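Coordinates as given in target-v6.cif (mmCIF, C-alpha atoms and all ligand atoms):
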```cif
data_query
loop_
_atom_site.group_PDB
_atom_site.id
_atom_site.type_symbol
_atom_site.label_atom_id
_atom_site.label_comp_id
_atom_site.auth_asym_id
_atom_site.auth_seq_id
_atom_site.Cartn_x
_atom_site.Cartn_y
_atom_site.Cartn_z
ATOM 1 C CA MET A 1 21.112 5.525 -8.625
ATOM 2 C CA LYS A 2 17.816 5.408 -10.538
ATOM 3 C CA ILE A 3 16.800 1.972 -11.766
ATOM 4 C CA GLN A 4 14.149 0.554 -14.067
ATOM 5 C CA ILE A 5 12.539 -2.627 -12.790
ATOM 6 C CA CYS A 6 9.453 -4.415 -14.129
ATOM 7 C CA GLY A 7 8.174 -1.249 -15.812
ATOM 8 C CA MET A 8 8.738 0.921 -12.732
ATOM 9 C CA GLU A 9 11.318 3.574 -12.076
ATOM 10 C CA TRP A 10 12.803 3.636 -8.591
ATOM 11 C CA LYS A 11 14.875 6.599 -7.395
ATOM 12 C CA ASN A 12 17.445 4.168 -5.984
ATOM 13 C CA PRO A 13 17.861 0.376 -5.834
ATOM 14 C CA VAL A 14 17.045 -0.045 -2.120
ATOM 15 C CA THR A 15 13.900 -1.577 -0.643
ATOM 16 C CA THR A 16 13.138 -3.144 2.725
ATOM 17 C CA ALA A 17 13.072 -6.931 3.272
ATOM 18 C CA ALA A 18 9.665 -8.418 4.073
ATOM 19 C CA GLY A 19 8.871 -8.728 7.768
ATOM 20 C CA THR A 20 11.345 -6.112 8.943
ATOM 21 C CA PHE A 21 9.505 -2.925 8.011
ATOM 22 C CA ASN A 22 6.392 -1.251 9.367
ATOM 23 C CA ALA A 23 4.966 1.916 7.794
ATOM 24 C CA ARG A 24 4.081 3.598 11.062
ATOM 25 C CA GLU A 25 7.204 2.723 13.092
ATOM 26 C CA SER A 26 9.701 3.193 10.279
ATOM 27 C CA GLY A 27 7.875 6.340 9.125
ATOM 28 C CA ARG A 28 8.429 7.875 12.542
ATOM 29 C CA ARG A 29 12.188 7.289 12.289
ATOM 30 C CA TYR A 30 12.954 8.413 8.730
ATOM 31 C CA ASP A 31 11.515 9.628 5.434
ATOM 32 C CA ILE A 32 10.386 6.346 3.906
ATOM 33 C CA THR A 33 9.894 8.039 0.511
ATOM 34 C CA ALA A 34 13.715 8.247 0.325
ATOM 35 C CA LEU A 35 13.786 4.493 -0.449
ATOM 36 C CA GLY A 36 13.384 3.090 -3.940
ATOM 37 C CA ALA A 37 10.424 1.047 -2.665
ATOM 38 C CA VAL A 38 9.242 -0.645 0.505
ATOM 39 C CA THR A 39 8.372 -4.313 0.886
ATOM 40 C CA THR A 40 5.683 -5.176 3.411
ATOM 41 C CA LYS A 41 5.337 -8.190 5.682
ATOM 42 C CA GLY A 42 3.858 -11.436 4.368
ATOM 43 C CA VAL A 43 0.089 -11.297 4.118
ATOM 44 C CA ALA A 44 -2.335 -14.254 3.920
ATOM 45 C CA PRO A 45 -6.055 -14.381 3.044
ATOM 46 C CA GLU A 46 -7.029 -14.527 6.732
ATOM 47 C CA PRO A 47 -5.179 -13.441 9.900
ATOM 48 C CA TRP A 48 -2.453 -15.862 11.060
ATOM 49 C CA PRO A 49 -1.478 -15.901 14.754
ATOM 50 C CA GLY A 50 2.167 -16.881 14.149
ATOM 51 C CA ASN A 51 4.211 -19.304 16.260
ATOM 52 C CA PRO A 52 4.431 -19.489 20.073
ATOM 53 C CA LEU A 53 7.065 -17.479 22.001
ATOM 54 C CA PRO A 54 10.028 -17.376 22.251
ATOM 55 C CA ARG A 55 10.474 -16.892 18.559
ATOM 56 C CA ILE A 56 13.575 -14.719 18.310
ATOM 57 C CA ALA A 57 17.124 -15.713 19.317
ATOM 58 C CA GLU A 58 20.460 -14.012 18.771
ATOM 59 C CA THR A 59 23.326 -15.807 17.039
ATOM 60 C CA TYR A 60 26.894 -14.847 16.133
ATOM 61 C CA GLY A 61 26.516 -12.243 13.406
ATOM 62 C CA GLY A 62 22.795 -12.698 13.050
ATOM 63 C CA MET A 63 19.527 -13.898 14.494
ATOM 64 C CA LEU A 64 17.026 -16.724 14.312
ATOM 65 C CA ASN A 65 13.325 -16.018 13.983
ATOM 66 C CA SER A 66 10.324 -18.281 13.961
ATOM 67 C CA VAL A 67 7.680 -15.566 13.829
ATOM 68 C CA GLY A 68 5.673 -17.860 11.549
ATOM 69 C CA LEU A 69 4.279 -15.165 9.282
ATOM 70 C CA GLU A 70 1.961 -13.665 11.875
ATOM 71 C CA ASN A 71 -0.200 -11.218 9.937
ATOM 72 C CA PRO A 72 -3.578 -9.485 10.132
ATOM 73 C CA GLY A 73 -4.941 -10.879 6.851
ATOM 74 C CA VAL A 74 -5.226 -9.203 3.473
ATOM 75 C CA GLU A 75 -8.262 -7.006 4.209
ATOM 76 C CA ALA A 76 -6.662 -5.427 7.292
ATOM 77 C CA PHE A 77 -3.443 -4.968 5.313
ATOM 78 C CA ILE A 78 -5.264 -3.125 2.512
ATOM 79 C CA ALA A 79 -7.172 -0.846 4.888
ATOM 80 C CA GLY A 80 -4.175 -0.181 7.170
ATOM 81 C CA GLU A 81 -0.543 -0.506 6.058
ATOM 82 C CA LEU A 82 -1.191 -0.257 2.328
ATOM 83 C CA ALA A 83 -3.480 2.786 2.616
ATOM 84 C CA GLU A 84 -0.911 4.546 4.787
ATOM 85 C CA LEU A 85 1.971 3.817 2.398
ATOM 86 C CA LYS A 86 0.021 4.809 -0.692
ATOM 87 C CA ALA A 87 -1.101 8.068 0.983
ATOM 88 C CA ARG A 88 2.599 8.891 1.252
ATOM 89 C CA GLY A 89 3.260 8.058 -2.397
ATOM 90 C CA VAL A 90 5.562 5.111 -1.676
ATOM 91 C CA THR A 91 6.192 2.325 -4.213
ATOM 92 C CA VAL A 92 4.930 -0.827 -2.491
ATOM 93 C CA ILE A 93 5.958 -4.443 -2.964
ATOM 94 C CA ALA A 94 3.461 -6.628 -1.095
ATOM 95 C CA ASN A 95 4.855 -9.901 0.236
ATOM 96 C CA VAL A 96 2.317 -12.723 -0.140
ATOM 97 C CA ALA A 97 2.060 -15.813 2.103
ATOM 98 C CA GLY A 98 -0.052 -18.934 1.683
ATOM 99 C CA HIS A 99 -0.262 -22.566 2.738
ATOM 100 C CA SER A 100 -1.731 -23.704 -0.560
ATOM 101 C CA GLU A 101 -2.032 -22.559 -4.149
ATOM 102 C CA ALA A 102 -5.596 -21.466 -3.379
ATOM 103 C CA GLU A 103 -4.420 -19.206 -0.538
ATOM 104 C CA PHE A 104 -1.721 -17.544 -2.673
ATOM 105 C CA CYS A 105 -4.278 -17.067 -5.460
ATOM 106 C CA ALA A 106 -6.823 -15.503 -3.111
ATOM 107 C CA VAL A 107 -4.334 -12.885 -1.874
ATOM 108 C CA VAL A 108 -2.999 -12.109 -5.341
ATOM 109 C CA GLU A 109 -6.504 -11.725 -6.783
ATOM 110 C CA ARG A 110 -7.450 -9.358 -3.982
ATOM 111 C CA LEU A 111 -4.242 -7.303 -4.210
ATOM 112 C CA ASP A 112 -4.663 -7.040 -7.968
ATOM 113 C CA GLU A 113 -7.589 -4.704 -7.259
ATOM 114 C CA THR A 114 -5.419 -2.374 -5.139
ATOM 115 C CA ALA A 115 -2.657 0.169 -5.728
ATOM 116 C CA VAL A 116 0.115 -2.304 -4.818
ATOM 117 C CA ASP A 117 2.952 -1.919 -7.343
ATOM 118 C CA MET A 118 4.443 -5.403 -7.282
ATOM 119 C CA LEU A 119 3.800 -8.781 -5.656
ATOM 120 C CA GLU A 120 6.516 -10.806 -3.958
ATOM 121 C CA ILE A 121 5.509 -14.427 -3.497
ATOM 122 C CA ASN A 122 7.076 -16.051 -0.447
ATOM 123 C CA VAL A 123 7.340 -19.685 -1.508
ATOM 124 C CA SER A 124 9.064 -20.605 1.750
ATOM 125 C CA CYS A 125 5.740 -21.481 3.410
ATOM 126 C CA PRO A 126 5.110 -25.203 3.903
ATOM 127 C CA ASN A 127 2.428 -26.471 1.534
ATOM 128 C CA LEU A 128 0.086 -27.904 4.141
ATOM 129 C CA TYR A 129 -2.183 -29.339 1.470
ATOM 130 C CA GLU A 130 0.548 -31.447 -0.089
ATOM 131 C CA GLY A 131 2.339 -32.982 2.854
ATOM 132 C CA GLY A 132 4.016 -29.914 4.343
ATOM 133 C CA ALA A 133 7.007 -29.673 1.988
ATOM 134 C CA VAL A 134 8.034 -26.100 1.282
ATOM 135 C CA PHE A 135 6.823 -24.872 -2.157
ATOM 136 C CA GLY A 136 10.178 -23.228 -2.801
ATOM 137 C CA ALA A 137 12.030 -26.530 -2.640
ATOM 138 C CA ASP A 138 9.990 -28.059 -5.467
ATOM 139 C CA GLU A 139 10.615 -26.585 -8.906
ATOM 140 C CA ALA A 140 7.432 -28.086 -10.381
ATOM 141 C CA ALA A 141 5.323 -26.573 -7.574
ATOM 142 C CA VAL A 142 7.010 -23.177 -8.020
ATOM 143 C CA ALA A 143 6.423 -23.268 -11.782
ATOM 144 C CA LYS A 144 2.777 -24.305 -11.418
ATOM 145 C CA LEU A 145 2.100 -21.615 -8.820
ATOM 146 C CA THR A 146 3.860 -18.933 -10.892
ATOM 147 C CA ARG A 147 1.821 -19.775 -13.998
ATOM 148 C CA LYS A 148 -1.413 -19.647 -11.973
ATOM 149 C CA LEU A 149 -0.606 -16.310 -10.360
ATOM 150 C CA LYS A 150 0.409 -14.743 -13.663
ATOM 151 C CA ARG A 151 -3.047 -15.504 -15.009
ATOM 152 C CA LEU A 152 -4.658 -13.724 -12.037
ATOM 153 C CA THR A 153 -2.841 -10.412 -12.099
ATOM 154 C CA GLY A 154 -1.374 -7.832 -14.411
ATOM 155 C CA LYS A 155 0.987 -6.660 -11.664
ATOM 156 C CA PRO A 156 4.611 -7.799 -11.721
ATOM 157 C CA VAL A 157 5.036 -11.138 -9.929
ATOM 158 C CA MET A 158 8.340 -11.681 -8.130
ATOM 159 C CA ILE A 159 9.093 -15.111 -6.702
ATOM 160 C CA LYS A 160 11.085 -15.062 -3.459
ATOM 161 C CA LEU A 161 13.433 -18.021 -3.392
ATOM 162 C CA SER A 162 14.426 -20.099 -0.400
ATOM 163 C CA PRO A 163 18.117 -20.914 0.098
ATOM 164 C CA ASN A 164 17.145 -24.217 1.777
ATOM 165 C CA VAL A 165 17.317 -26.187 -1.462
ATOM 166 C CA THR A 166 19.782 -28.415 -3.271
ATOM 167 C CA ASP A 167 20.161 -26.103 -6.277
ATOM 168 C CA ILE A 168 18.634 -22.630 -6.159
ATOM 169 C CA VAL A 169 19.481 -22.020 -9.839
ATOM 170 C CA ARG A 170 17.079 -24.768 -10.945
ATOM 171 C CA ILE A 171 14.217 -23.214 -8.976
ATOM 172 C CA ALA A 172 15.105 -19.765 -10.353
ATOM 173 C CA GLU A 173 15.081 -21.062 -13.924
ATOM 174 C CA ALA A 174 11.760 -22.853 -13.356
ATOM 175 C CA ALA A 175 10.163 -19.639 -12.063
ATOM 176 C CA GLU A 176 11.528 -17.625 -14.997
ATOM 177 C CA ALA A 177 10.304 -20.176 -17.533
ATOM 178 C CA ALA A 178 6.848 -20.108 -15.909
ATOM 179 C CA GLY A 179 6.598 -16.350 -16.442
ATOM 180 C CA ALA A 180 7.916 -14.740 -13.237
ATOM 181 C CA ASP A 181 8.725 -11.067 -13.804
ATOM 182 C CA ALA A 182 11.469 -10.969 -11.159
ATOM 183 C CA LEU A 183 13.123 -13.033 -8.432
ATOM 184 C CA SER A 184 14.175 -12.110 -4.922
ATOM 185 C CA LEU A 185 16.665 -13.998 -2.799
ATOM 186 C CA ILE A 186 17.544 -15.106 -0.234
ATOM 187 C CA ASN A 187 14.976 -15.901 2.396
ATOM 188 C CA THR A 188 16.335 -17.141 5.742
ATOM 189 C CA LEU A 189 18.413 -20.310 6.201
ATOM 190 C CA VAL A 190 17.025 -22.965 8.557
ATOM 191 C CA GLY A 191 18.869 -22.806 11.890
ATOM 192 C CA MET A 192 18.599 -23.945 15.491
ATOM 193 C CA ARG A 193 19.953 -23.147 18.950
ATOM 194 C CA ILE A 194 19.739 -25.415 21.989
ATOM 195 C CA ASP A 195 19.623 -24.272 25.618
ATOM 196 C CA LEU A 196 22.494 -25.914 27.523
ATOM 197 C CA ARG A 197 20.622 -26.038 30.823
ATOM 198 C CA THR A 198 17.271 -27.404 29.678
ATOM 199 C CA GLY A 199 18.478 -29.315 26.633
ATOM 200 C CA ARG A 200 15.540 -27.809 24.735
ATOM 201 C CA PRO A 201 15.579 -25.708 21.570
ATOM 202 C CA VAL A 202 15.794 -21.987 22.366
ATOM 203 C CA LEU A 203 12.922 -21.270 19.953
ATOM 204 C CA ALA A 204 9.534 -22.690 20.909
ATOM 205 C CA ASN A 205 9.140 -23.836 17.303
ATOM 206 C CA GLY A 206 12.397 -25.841 17.471
ATOM 207 C CA THR A 207 14.020 -24.326 14.403
ATOM 208 C CA GLY A 208 13.923 -20.859 12.882
ATOM 209 C CA GLY A 209 15.282 -18.806 10.009
ATOM 210 C CA LEU A 210 18.820 -17.427 10.188
ATOM 211 C CA SER A 211 19.340 -13.886 8.876
ATOM 212 C CA GLY A 212 21.824 -11.057 9.295
ATOM 213 C CA PRO A 213 25.482 -10.567 8.341
ATOM 214 C CA ALA A 214 26.340 -14.224 9.003
ATOM 215 C CA VAL A 215 24.381 -15.230 5.880
ATOM 216 C CA LYS A 216 25.728 -12.544 3.532
ATOM 217 C CA PRO A 217 28.438 -14.534 1.710
ATOM 218 C CA VAL A 218 25.920 -17.366 1.128
ATOM 219 C CA ALA A 219 23.425 -14.846 -0.243
ATOM 220 C CA VAL A 220 25.972 -13.108 -2.497
ATOM 221 C CA ALA A 221 27.024 -16.466 -3.958
ATOM 222 C CA MET A 222 23.411 -17.471 -4.629
ATOM 223 C CA VAL A 223 22.558 -14.093 -6.193
ATOM 224 C CA TYR A 224 25.682 -14.303 -8.356
ATOM 225 C CA ARG A 225 24.843 -17.828 -9.555
ATOM 226 C CA VAL A 226 21.182 -17.017 -10.225
ATOM 227 C CA CYS A 227 21.985 -13.732 -12.003
ATOM 228 C CA SER A 228 24.399 -15.467 -14.329
ATOM 229 C CA ARG A 229 21.615 -17.822 -15.435
ATOM 230 C CA VAL A 230 18.384 -15.784 -15.631
ATOM 231 C CA LYS A 231 17.447 -12.677 -17.620
ATOM 232 C CA ILE A 232 14.726 -11.318 -15.312
ATOM 233 C CA PRO A 233 15.684 -8.806 -12.598
ATOM 234 C CA VAL A 234 16.793 -10.036 -9.183
ATOM 235 C CA ILE A 235 16.422 -8.289 -5.836
ATOM 236 C CA GLY A 236 19.282 -9.442 -3.637
ATOM 237 C CA MET A 237 19.211 -9.644 0.129
ATOM 238 C CA GLY A 238 20.735 -11.406 3.103
ATOM 239 C CA GLY A 239 22.842 -9.666 5.721
ATOM 240 C CA ILE A 240 23.120 -6.223 4.133
ATOM 241 C CA MET A 241 24.345 -3.900 6.912
ATOM 242 C CA THR A 242 26.108 -1.150 4.938
ATOM 243 C CA GLY A 243 26.081 0.568 1.556
ATOM 244 C CA GLY A 244 29.171 -1.457 0.682
ATOM 245 C CA ASP A 245 27.257 -4.680 1.352
ATOM 246 C CA ALA A 246 24.452 -3.460 -0.916
ATOM 247 C CA TYR A 247 26.971 -2.531 -3.630
ATOM 248 C CA GLU A 248 28.397 -6.071 -3.441
ATOM 249 C CA PHE A 249 24.974 -7.564 -4.283
ATOM 250 C CA LEU A 250 24.623 -5.158 -7.222
ATOM 251 C CA LEU A 251 28.061 -6.235 -8.468
ATOM 252 C CA ALA A 252 26.892 -9.841 -8.167
ATOM 253 C CA GLY A 253 24.186 -8.956 -10.680
ATOM 254 C CA ALA A 254 21.187 -7.876 -8.608
ATOM 255 C CA THR A 255 19.111 -5.027 -10.026
ATOM 256 C CA ALA A 256 18.129 -3.908 -6.507
ATOM 257 C CA VAL A 257 18.661 -4.907 -2.877
ATOM 258 C CA ALA A 258 16.576 -5.301 0.263
ATOM 259 C CA VAL A 259 17.584 -4.435 3.820
ATOM 260 C CA GLY A 260 16.156 -6.695 6.541
ATOM 261 C CA THR A 261 17.757 -7.634 9.869
ATOM 262 C CA ALA A 262 19.899 -4.455 9.831
ATOM 263 C CA ALA A 263 16.689 -2.455 10.410
ATOM 264 C CA LEU A 264 15.892 -4.464 13.540
ATOM 265 C CA LEU A 265 19.236 -3.377 15.005
ATOM 266 C CA ASP A 266 19.124 0.176 13.641
ATOM 267 C CA PRO A 267 15.662 1.269 12.444
ATOM 268 C CA GLU A 268 17.221 3.909 10.191
ATOM 269 C CA ALA A 269 19.473 1.393 8.426
ATOM 270 C CA PRO A 270 17.567 1.361 5.089
ATOM 271 C CA VAL A 271 17.931 5.118 4.557
ATOM 272 C CA ARG A 272 21.506 5.166 5.899
ATOM 273 C CA ILE A 273 22.333 2.429 3.381
ATOM 274 C CA VAL A 274 20.888 4.568 0.551
ATOM 275 C CA HIS A 275 23.339 7.348 1.496
ATOM 276 C CA GLU A 276 26.279 4.980 1.884
ATOM 277 C CA LEU A 277 25.434 3.314 -1.426
ATOM 278 C CA ALA A 278 25.505 6.727 -3.138
ATOM 279 C CA GLU A 279 29.071 7.146 -1.839
ATOM 280 C CA CYS A 280 29.981 3.730 -3.285
ATOM 281 C CA TYR A 281 28.561 4.794 -6.675
ATOM 282 C CA GLU A 282 30.778 7.912 -6.507
ATOM 283 C CA GLN A 283 33.839 5.939 -5.537
ATOM 284 C CA TYR A 284 33.483 2.819 -7.702
ATOM 285 C CA GLY A 285 31.017 3.813 -10.454
ATOM 286 C CA ASP A 286 27.651 2.347 -11.470
ATOM 287 C CA PRO A 287 27.742 -1.322 -10.330
ATOM 288 C CA HIS A 288 25.262 -2.292 -13.055
ATOM 289 C CA LYS A 289 27.850 -1.319 -15.664
ATOM 290 C CA ARG A 290 30.599 -3.392 -14.029
ATOM 291 C CA LYS A 291 31.243 -7.116 -14.265
ATOM 292 C CA VAL A 292 32.708 -9.481 -11.727
ATOM 293 C CA VAL A 293 35.904 -10.669 -13.411
HETATM 294 C C1 LIG B 1 11.705 -11.045 11.844
HETATM 295 C C2 LIG B 1 11.704 -11.439 10.393
HETATM 296 C C3 LIG B 1 10.495 -11.590 9.712
HETATM 297 C C4 LIG B 1 10.483 -11.953 8.353
HETATM 298 N N1 LIG B 1 9.287 -12.064 7.701
HETATM 299 C C5 LIG B 1 9.276 -12.375 6.378
HETATM 300 C C6 LIG B 1 8.040 -12.419 5.648
HETATM 301 O O1 LIG B 1 6.975 -12.112 6.164
HETATM 302 N N2 LIG B 1 8.097 -12.803 4.336
HETATM 303 C C7 LIG B 1 9.295 -13.093 3.694
HETATM 304 O O2 LIG B 1 9.289 -13.426 2.512
HETATM 305 N N3 LIG B 1 10.467 -13.009 4.355
HETATM 306 C C8 LIG B 1 10.491 -12.663 5.662
HETATM 307 N N4 LIG B 1 11.691 -12.553 6.326
HETATM 308 C C9 LIG B 1 12.956 -12.783 5.582
HETATM 309 C C10 LIG B 1 13.588 -11.447 5.121
HETATM 310 O O3 LIG B 1 12.699 -10.713 4.295
HETATM 311 C C11 LIG B 1 14.931 -11.674 4.388
HETATM 312 O O4 LIG B 1 14.704 -12.452 3.241
HETATM 313 C C12 LIG B 1 15.965 -12.376 5.251
HETATM 314 O O5 LIG B 1 15.862 -11.995 6.606
HETATM 315 C C13 LIG B 1 17.408 -12.130 4.777
HETATM 316 O O6 LIG B 1 17.727 -10.754 4.798
HETATM 317 P P1 LIG B 1 18.447 -10.024 6.068
HETATM 318 O O7 LIG B 1 19.619 -10.871 6.453
HETATM 319 O O8 LIG B 1 18.821 -8.661 5.570
HETATM 320 O O9 LIG B 1 17.415 -9.966 7.148
HETATM 321 C C14 LIG B 1 11.724 -12.189 7.677
HETATM 322 C C15 LIG B 1 12.933 -12.009 8.366
HETATM 323 C C16 LIG B 1 12.949 -11.638 9.708
HETATM 324 C C17 LIG B 1 14.280 -11.445 10.398
#
```
Before anything else, please render the file you have as structure tokens.
Ligand SMILES: Cc1cc2nc3c(=O)[nH]c(=O)nc-3n(C[C@H](O)[C@H](O)[C@H](O)COP(=O)(O)O)c2cc1C
Amino acid sequence: MKIQICGMEWKNPVTTAAGTFNARESGRRYDITALGAVTTKGVAPEPWPGNPLPRIAETYGGMLNSVGLENPGVEAFIAGELAELKARGVTVIANVAGHSEAEFCAVVERLDETAVDMLEINVSCPNLYEGGAVFGADEAAVAKLTRKLKRLTGKPVMIKLSPNVTDIVRIAEAAEAAGADALSLINTLVGMRIDLRTGRPVLANGTGGLSGPAVKPVAVAMVYRVCSRVKIPVIGMGGIMTGGDAYEFLLAGATAVAVGTAALLDPEAPVRIVHELAECYEQYGDPHKRKVV
């Protein structure tokens, strides 16, 4: 199941999805070096407190979260999570958050000096400096940011695309043309639940991001469409619960996959999915050599 991606070799095509993995907690449950790579939670230049509680709600076949990218800031990340992962010899994709180009640049410049293997840029954050629209919904903003970041680092830059757009293929093509080394998709879909008794949104933030098996067919379709239009590698995610789900994303054209919400339900899901995916390879062959017909 070995893959080559952005100059790296991974022992298998499975990583974790940002925000659903923690070195210490996951490391207690399974051998995290059994994964192809791990992807860490979004990190900003300074600590962010995240959104008020409640910020998690269950849905049919999934969940809503409005965690709001709570994180300890890049320095604490480097000294803590990153040091721990690198001491174990894990390939690390660092997920980067920012409210402005300057914030993304600051994190990328700082992480360029570390042993991080790849940078995943979460362009789903609202651009507070330009009216609050999400970067990922604006192809010109994505292209401009990608070009800037590429000048700041020699590490592979992967742009994580939001599904909350009119045409995800256009954003993907803009990122590729601007020099992105890889793309990852999908981030969560905007969703909402309302409490019948109070008439108020269940999440304190009003809306949140929908993830889990309910979003998988949407994610597979988006990965399939993007992969048929770009040449750079794609990491596919959205509702992967089993090795068969992961195999489906690889058939759709993804080079690798990420496991997110499944790990919140079953902390060992990422490593279980590696084993189940190996069985799919045995049964159906190498998905990268097959075509959807
Ligand atoms: C609790 C939670 C926190 C998340 N935090 C981040 C984050 O920090 N950065 C990011 O790019 N995506 C974040 N995501 C999105 C996931 O990485 C993933 O793109 C999405 O959940 C779809 O995959 P899944 O259905 O397997 O969870 C988060 C998702 C959840 C459920």
Handout entry: Between CA of Thr261 in chain A and atom C11 of ligand LIG 1 (chain B) - distance in Å to one decimal
Key = 7.4 Å
Practice task
Name every residue that the PyMOL selection byres (((not hetatm)) within 7 of (chain B and resi 1)) selects in this structure, writing the answer as a ChimeraX atom specification with chains first and numbers rising.
Solution key: /A:17-20,41-42,65,67,69,95,122,160,185-188,211-213,215-216,237-240,258-262
Completion exercise
In terms of all atoms listed in the file, the residue from A:Ile159, A:Ala214, A:Ala133, A:Met241 at minimal distance from Leu145 in chain A is A:Ile159
Exercise for the section: Would you mind telling me which residue in A:Lys291, A:Arg151, A:Arg110, A:Arg197 lies nearest to Gly73 in chain A when using all atoms listed in the file? Expected result: A:Arg110
Handout entry: Gap from CA of Ala178 in chain A to CA of Ala143 in chain A - Å, one decimal
Key = 5.2 Å
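Each of A:Trp10, A:Tyr60, A:Tyr224, A:Phe104 was compared to Leu119 in chain A using all atoms listed in the file, and A:Phe104 turns out to be the nearest.
When the distance limit is 12 Å and only C-alpha atoms are what count, the residues near Arg147 in chain A, minus those fewer than 4 positions from it on the same chain, are Glu101, Cys105, Ala140, Ala141, Val142, Ala143, Arg151, Leu152, Thr153, Val157, Met158, Ile159, Ala174, Ala175, Glu176, Ala177, Ala178, Gly179, Ala180 and Asp181 of chain A.
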Go ahead and dump the residues you just picked, C-alpha atoms, as a tab-separated table (two decimals), in the frame of the given file.
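Output saved as again-v6.tsv:
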```
chain	number	residue	atom	x	y	z
A	101	GLU	CA	-2.03	-22.56	-4.15
A	105	CYS	CA	-4.28	-17.07	-5.46
A	140	ALA	CA	7.43	-28.09	-10.38
A	141	ALA	CA	5.32	-26.57	-7.57
A	142	VAL	CA	7.01	-23.18	-8.02
A	143	ALA	CA	6.42	-23.27	-11.78
A	151	ARG	CA	-3.05	-15.50	-15.01
A	152	LEU	CA	-4.66	-13.72	-12.04
A	153	THR	CA	-2.84	-10.41	-12.10
A	157	VAL	CA	5.04	-11.14	-9.93
A	158	MET	CA	8.34	-11.68	-8.13
A	159	ILE	CA	9.09	-15.11	-6.70
A	174	ALA	CA	11.76	-22.85	-13.36
A	175	ALA	CA	10.16	-19.64	-12.06
A	176	GLU	CA	11.53	-17.62	-15.00
A	177	ALA	CA	10.30	-20.18	-17.53
A	178	ALA	CA	6.85	-20.11	-15.91
A	179	GLY	CA	6.60	-16.35	-16.44
A	180	ALA	CA	7.92	-14.74	-13.24
A	181	ASP	CA	8.72	-11.07	-13.80
```
Problem - Hits from the PyMOL selection byres (((chain A and resi 39) around 6) and not hetatm), listed as a list in words - result: Thr16, Ala17, Ala18, Val38, Thr40, Val92, Ile93 and Ala94 of chain A
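Proximity ranking of A:Pro126, A:Gly285, A:Gly50, A:Gly244 relative to Arg272 in chain A places A:Gly244 first, based on all atoms listed in the file.
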